[in-house]
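Below: work-v1.cif (mmCIF, C-alpha atoms; chains and numbers go by the auth columns)
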```
data_protein
#
loop_
_atom_site.group_PDB
_atom_site.id
_atom_site.type_symbol
_atom_site.label_atom_id
_atom_site.label_comp_id
_atom_site.label_asym_id
_atom_site.label_seq_id
_atom_site.Cartn_x
_atom_site.Cartn_y
_atom_site.Cartn_z
_atom_site.B_iso_or_equiv
_atom_site.auth_seq_id
_atom_site.auth_asym_id
ATOM 1 C CA MET A 1 -2.306 46.519 -15.336 0.00 30 K
ATOM 2 C CA MET A 2 -5.135 49.044 -15.431 0.00 31 K
ATOM 3 C CA THR A 3 -6.055 51.239 -12.506 0.00 32 K
ATOM 4 C CA SER A 4 -9.629 51.420 -11.249 0.00 33 K
ATOM 5 C CA SER A 5 -10.247 54.710 -13.059 0.00 34 K
ATOM 6 C CA GLU A 6 -8.988 53.204 -16.317 0.00 35 K
ATOM 7 C CA VAL A 7 -11.293 50.211 -15.788 0.00 36 K
ATOM 8 C CA THR A 8 -14.263 52.555 -15.308 0.00 37 K
ATOM 9 C CA LYS A 9 -13.349 54.496 -18.465 0.00 38 K
ATOM 10 C CA HIS A 10 -12.929 51.216 -20.299 0.00 39 K
ATOM 11 C CA ILE A 11 -16.467 50.147 -19.347 0.00 40 K
ATOM 12 C CA LYS A 12 -18.006 53.493 -20.250 0.00 41 K
ATOM 13 C CA LEU A 13 -16.226 53.758 -23.581 0.00 42 K
ATOM 14 C CA LYS A 14 -16.631 50.071 -24.532 0.00 43 K
ATOM 15 C CA CYS A 15 -13.290 50.043 -26.189 0.00 44 K
ATOM 16 C CA THR A 16 -9.882 48.481 -25.859 0.00 45 K
ATOM 17 C CA VAL A 17 -7.499 50.020 -23.321 0.00 46 K
ATOM 18 C CA SER A 18 -3.922 48.810 -22.936 0.00 47 K
ATOM 19 C CA SER A 19 -4.449 45.691 -25.065 0.00 48 K
ATOM 20 C CA SER A 20 -7.182 44.153 -22.875 0.00 49 K
ATOM 21 C CA ARG A 21 -10.450 43.417 -24.621 0.00 50 K
ATOM 22 C CA CYS A 22 -13.917 44.446 -23.581 0.00 51 K
ATOM 23 C CA VAL A 23 -16.234 41.797 -22.071 0.00 52 K
ATOM 24 C CA PHE A 24 -19.329 42.912 -24.037 0.00 53 K
ATOM 25 C CA SER A 25 -19.214 44.189 -27.609 0.00 54 K
ATOM 26 C CA ALA A 26 -20.709 47.438 -28.915 0.00 55 K
ATOM 27 C CA PRO A 27 -23.135 45.886 -31.502 0.00 56 K
ATOM 28 C CA CYS A 28 -24.966 43.829 -28.835 0.00 57 K
ATOM 29 C CA TRP A 29 -25.380 46.905 -26.575 0.00 58 K
ATOM 30 C CA SER A 30 -28.342 48.199 -28.552 0.00 59 K
ATOM 31 C CA THR A 31 -30.270 44.930 -28.213 0.00 60 K
ATOM 32 C CA LEU A 32 -30.169 44.960 -24.385 0.00 61 K
ATOM 33 C CA THR A 33 -33.099 46.088 -22.231 0.00 62 K
ATOM 34 C CA CYS A 34 -32.774 48.970 -19.775 0.00 63 K
ATOM 35 C CA ALA A 35 -32.247 46.624 -16.789 0.00 64 K
ATOM 36 C CA ASP A 36 -29.614 44.657 -18.712 0.00 65 K
ATOM 37 C CA LYS A 37 -27.820 47.877 -19.665 0.00 66 K
ATOM 38 C CA MET A 38 -27.650 48.828 -15.984 0.00 67 K
ATOM 39 C CA ALA A 39 -26.413 45.370 -14.901 0.00 68 K
ATOM 40 C CA ALA A 40 -23.914 44.918 -17.742 0.00 69 K
ATOM 41 C CA PRO A 41 -21.421 47.571 -16.540 0.00 70 K
ATOM 42 C CA VAL A 42 -21.428 46.106 -13.030 0.00 71 K
ATOM 43 C CA ARG A 43 -20.847 42.590 -14.374 0.00 72 K
ATOM 44 C CA THR A 44 -18.175 43.920 -16.679 0.00 73 K
ATOM 45 C CA LEU A 45 -16.508 45.837 -13.864 0.00 74 K
ATOM 46 C CA CYS A 46 -16.388 42.716 -11.703 0.00 75 K
ATOM 47 C CA ARG A 47 -14.999 40.594 -14.542 0.00 76 K
ATOM 48 C CA SER A 48 -12.429 43.228 -15.461 0.00 77 K
ATOM 49 C CA VAL A 49 -11.295 43.648 -11.890 0.00 78 K
ATOM 50 C CA LEU A 50 -11.000 39.882 -11.413 0.00 79 K
ATOM 51 C CA ARG A 51 -9.137 39.522 -14.696 0.00 80 K
ATOM 52 C CA LEU A 52 -6.744 42.349 -13.889 0.00 81 K
ATOM 53 C CA SER A 53 -6.322 41.542 -10.198 0.00 82 K
ATOM 54 C CA SER A 54 -2.999 40.171 -9.013 0.00 83 K
ATOM 55 C CA ARG A 55 -4.700 37.972 -6.370 0.00 84 K
ATOM 56 C CA GLN A 56 -5.859 34.539 -7.430 0.00 85 K
ATOM 57 C CA PHE A 57 -9.435 33.422 -6.827 0.00 86 K
ATOM 58 C CA SER A 58 -9.812 29.712 -6.041 0.00 87 K
ATOM 59 C CA THR A 59 -13.017 27.678 -6.065 0.00 88 K
ATOM 60 C CA THR A 60 -11.565 24.366 -4.857 0.00 89 K
ATOM 61 C CA CYS A 61 -12.744 22.872 -1.590 0.00 90 K
ATOM 62 C CA GLY A 62 -10.370 23.280 1.295 0.00 91 K
ATOM 63 C CA VAL A 63 -8.835 20.414 3.208 0.00 92 K
ATOM 64 C CA GLN A 64 -10.132 20.065 6.731 0.00 93 K
ATOM 65 C CA GLY A 65 -7.583 21.331 9.201 0.00 94 K
ATOM 66 C CA GLY A 66 -5.972 18.649 11.331 0.00 95 K
ATOM 67 C CA GLU A 67 -7.307 15.663 9.400 0.00 96 K
ATOM 68 C CA LYS A 68 -3.819 14.225 8.875 0.00 97 K
ATOM 69 C CA TRP A 69 -2.928 14.674 12.550 0.00 98 K
ATOM 70 C CA ARG A 70 -6.189 13.009 13.637 0.00 99 K
ATOM 71 C CA LYS A 71 -5.556 9.998 11.393 0.00 100 K
ATOM 72 C CA GLU A 72 -1.993 9.620 12.714 0.00 101 K
ATOM 73 C CA HIS A 73 -3.217 9.678 16.323 0.00 102 K
ATOM 74 C CA GLY A 74 -6.114 7.246 15.761 0.00 103 K
ATOM 75 C CA VAL A 75 -8.874 9.818 16.221 0.00 104 K
ATOM 76 C CA ALA A 76 -11.872 10.439 13.935 0.00 105 K
ATOM 77 C CA ARG A 77 -10.925 12.353 10.785 0.00 106 K
ATOM 78 C CA SER A 78 -13.308 15.151 11.713 0.00 107 K
ATOM 79 C CA GLY A 79 -14.429 16.310 15.115 0.00 108 K
ATOM 80 C CA THR A 80 -18.088 15.514 14.415 0.00 109 K
ATOM 81 C CA GLU A 81 -17.903 11.802 13.522 0.00 110 K
ATOM 82 C CA TYR A 82 -17.773 10.294 17.007 0.00 111 K
ATOM 83 C CA GLY A 83 -16.666 11.170 20.484 0.00 112 K
ATOM 84 C CA PRO A 84 -18.173 12.704 23.602 0.00 113 K
ATOM 85 C CA LEU A 85 -19.410 15.833 21.841 0.00 114 K
ATOM 86 C CA THR A 86 -21.496 13.841 19.374 0.00 115 K
ATOM 87 C CA ASP A 87 -22.350 10.698 21.364 0.00 116 K
ATOM 88 C CA LEU A 88 -23.310 12.122 24.763 0.00 117 K
ATOM 89 C CA PRO A 89 -26.578 14.005 25.311 0.00 118 K
ATOM 90 C CA ASP A 90 -26.515 17.797 25.304 0.00 119 K
ATOM 91 C CA TRP A 91 -28.543 18.096 28.502 0.00 120 K
ATOM 92 C CA SER A 92 -30.253 16.101 31.254 0.00 121 K
ATOM 93 C CA PHE A 93 -33.124 16.662 33.651 0.00 122 K
ATOM 94 C CA ALA A 94 -32.402 18.351 37.001 0.00 123 K
ATOM 95 C CA ASP A 95 -33.311 15.178 38.888 0.00 124 K
ATOM 96 C CA GLY A 96 -30.627 13.229 36.996 0.00 125 K
ATOM 97 C CA ARG A 97 -32.749 11.434 34.418 0.00 126 K
ATOM 98 C CA PRO A 98 -31.103 11.280 30.989 0.00 127 K
ATOM 99 C CA ALA A 99 -32.530 13.375 28.178 0.00 128 K
ATOM 100 C CA PRO A 100 -34.277 11.589 25.314 0.00 129 K
ATOM 101 C CA LEU A 101 -31.997 10.862 22.393 0.00 130 K
ATOM 102 C CA MET A 102 -32.043 13.302 19.506 0.00 131 K
ATOM 103 C CA LYS A 103 -32.528 12.289 15.861 0.00 132 K
ATOM 104 C CA GLY A 104 -28.818 12.330 15.045 0.00 133 K
ATOM 105 C CA GLN A 105 -27.960 10.273 18.120 0.00 134 K
ATOM 106 C CA LEU A 106 -30.676 7.731 17.271 0.00 135 K
ATOM 107 C CA ARG A 107 -29.395 7.506 13.694 0.00 136 K
ATOM 108 C CA ARG A 108 -25.786 6.999 14.837 0.00 137 K
ATOM 109 C CA LYS A 109 -26.894 4.403 17.407 0.00 138 K
ATOM 110 C CA GLN A 110 -28.819 2.484 14.731 0.00 139 K
ATOM 111 C CA GLN A 111 -25.843 2.653 12.330 0.00 140 K
ATOM 112 C CA GLN A 112 -23.531 1.366 15.069 0.00 141 K
ATOM 113 C CA GLU A 113 -25.913 -1.529 15.841 0.00 142 K
ATOM 114 C CA VAL A 114 -26.082 -2.485 12.155 0.00 143 K
ATOM 115 C CA LEU A 115 -22.294 -2.297 11.936 0.00 144 K
ATOM 116 C CA ALA A 116 -21.890 -4.415 15.097 0.00 145 K
ATOM 117 C CA ARG A 117 -24.269 -7.078 13.714 0.00 146 K
ATOM 118 C CA ARG A 118 -22.333 -7.139 10.445 0.00 147 K
ATOM 119 C CA ILE A 119 -19.012 -7.469 12.277 0.00 148 K
ATOM 120 C CA VAL A 120 -20.322 -10.404 14.360 0.00 149 K
ATOM 121 C CA MET A 121 -21.740 -12.095 11.238 0.00 150 K
ATOM 122 C CA LEU A 122 -18.474 -11.683 9.292 0.00 151 K
ATOM 123 C CA ASN A 123 -16.455 -12.879 12.300 0.00 152 K
ATOM 124 C CA ASP A 124 -18.597 -16.042 12.560 0.00 153 K
ATOM 125 C CA GLU A 125 -18.204 -16.579 8.825 0.00 154 K
ATOM 126 C CA MET A 126 -14.418 -16.275 9.133 0.00 155 K
ATOM 127 C CA ASP A 127 -14.381 -18.762 12.039 0.00 156 K
ATOM 128 C CA ARG A 128 -16.435 -21.268 10.046 0.00 157 K
ATOM 129 C CA GLY A 129 -14.149 -20.780 7.053 0.00 158 K
ATOM 130 C CA MET A 130 -11.019 -21.310 9.154 0.00 159 K
ATOM 131 C CA GLU A 131 -12.506 -24.499 10.680 0.00 160 K
ATOM 132 C CA ALA A 132 -13.443 -25.820 7.229 0.00 161 K
ATOM 133 C CA TRP A 133 -9.946 -25.045 5.938 0.00 162 K
ATOM 134 C CA SER A 134 -8.244 -26.808 8.862 0.00 163 K
ATOM 135 C CA LYS A 135 -10.513 -29.875 8.396 0.00 164 K
ATOM 136 C CA LYS A 136 -9.624 -29.920 4.714 0.00 165 K
ATOM 137 C CA GLN A 137 -5.912 -29.750 5.582 0.00 166 K
ATOM 138 C CA GLU A 138 -6.286 -32.643 8.042 0.00 167 K
ATOM 139 C CA GLU A 139 -8.170 -34.724 5.470 0.00 168 K
ATOM 140 C CA ALA A 140 -5.487 -34.042 2.875 0.00 169 K
ATOM 141 C CA LYS A 141 -2.811 -35.102 5.375 0.00 170 K
ATOM 142 C CA LYS A 142 -4.707 -38.321 6.228 0.00 171 K
ATOM 143 C CA MET A 143 -5.204 -39.040 2.517 0.00 172 K
ATOM 144 C CA GLU A 144 -1.469 -38.581 1.895 0.00 173 K
ATOM 145 C CA GLU A 145 -0.633 -40.980 4.753 0.00 174 K
ATOM 146 C CA HIS A 146 -3.162 -43.479 3.427 0.00 175 K
ATOM 147 C CA LYS A 147 -1.597 -43.308 -0.065 0.00 176 K
ATOM 148 C CA LYS A 148 1.866 -43.897 1.463 0.00 177 K
ATOM 149 C CA SER A 149 0.579 -46.909 3.345 0.00 178 K
ATOM 150 C CA LEU A 150 -0.731 -48.426 0.105 0.00 179 K
ATOM 151 C CA LEU A 151 2.652 -48.235 -1.643 0.00 180 K
ATOM 152 C CA LEU A 152 4.715 -51.427 -2.067 0.00 181 K
ATOM 153 C CA LYS A 153 6.981 -52.159 0.851 0.00 182 K
ATOM 154 C CA PRO A 154 10.646 -53.084 0.442 0.00 183 K
ATOM 155 C CA LYS A 155 11.518 -56.771 0.962 0.00 184 K
ATOM 156 C CA GLY A 156 14.636 -58.781 1.316 0.00 185 K
ATOM 157 C CA LYS A 157 17.985 -57.023 0.930 0.00 186 K
ATOM 158 C CA LEU A 158 16.366 -53.538 0.555 0.00 187 K
ATOM 159 C CA LEU A 159 14.558 -54.008 3.869 0.00 188 K
ATOM 160 C CA MET A 160 17.836 -55.001 5.542 0.00 189 K
ATOM 161 C CA LYS A 161 19.627 -51.957 4.063 0.00 190 K
ATOM 162 C CA LYS A 162 16.950 -49.604 5.351 0.00 191 K
ATOM 163 C CA LYS A 163 17.085 -51.109 8.837 0.00 192 K
ATOM 164 C CA SER A 164 20.878 -50.845 8.976 0.00 193 K
ATOM 165 C CA GLN A 165 20.828 -47.201 7.773 0.00 194 K
ATOM 166 C CA SER A 166 18.326 -46.079 10.405 0.00 195 K
#
```
As structure tokens:
Amino acid sequence: MMTSSEVTKHIKLKCTVSSSRCVFSAPCWSTLTCADKMAAPVRTLCRSVLRLSSRQFSTTCGVQGGEKWRKEHGVARSGTEYGPLTDLPDWSFADGRPAPLMKGQLRRKQQQEVLARRIVMLNDEMDRGMEAWSKKQEEAKKMEEHKKSLLLKPKGKLLMKKKSQS
């Protein structure tokens, strides 16, 4: 691990210190413009410090706090999806008239109406499907009874045996 003074020396000298390599090489230094030469040590210092730092730097997105708890308790997964804070108006007139709906509230209202229409349509479709299925089952049952009625009936001794058994 290099100290901050060693890192600064490392940048100024453009050499290897304690087996860590330099971010920019000496041959390319001469091809840089004046502004690049001034920015290169700062970039190099930041990279060296990050590389030598004991703390880890993460760029992953964080999980929203409380999302699991909200799902378990049947609440929206985030506090801004639905509920009184998002659905109710922010203000009203002094005489009690409601405030006009804002863009977000209008959008959510329209989405809810579309969703409600879709739910009703799918529910009707399911009802029609269940009715058609039950009719089909009844027809199959009637057909089976009709086929049984067309079978040959026992006569003579077999008929007498059946009557005595039942």
**Q.** Long-range neighbours of Gly108 of chain K as a PyMOL selection string, 10 Å cut-off, all atoms listed in the file, 6 positions minimum in chain
**A.** chain K and resi 95-96+99+114-115
Q | Nearest to Gly112 of chain K by atom-to-atom distance, counting all atoms listed in the file, from K:Arg126, K:Lys176, K:Lys132, K:Arg137 | A |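 Of the candidates, the smallest distance to Gly112 of chain K is held by K:Arg137.
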Q: Grab the atom CA of Leu117 of chain K to atom CA of Leu130 of chain K distance for me, in Å with one decimal place.
A: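 Interatomic distance, atom CA of Leu117 of chain K to atom CA of Leu130 of chain K: 9.1 Å.
With atom CA of Val149 of chain K on one side and atom CA of Pro127 of chain K on the other, the separation reads 29.4 Å.
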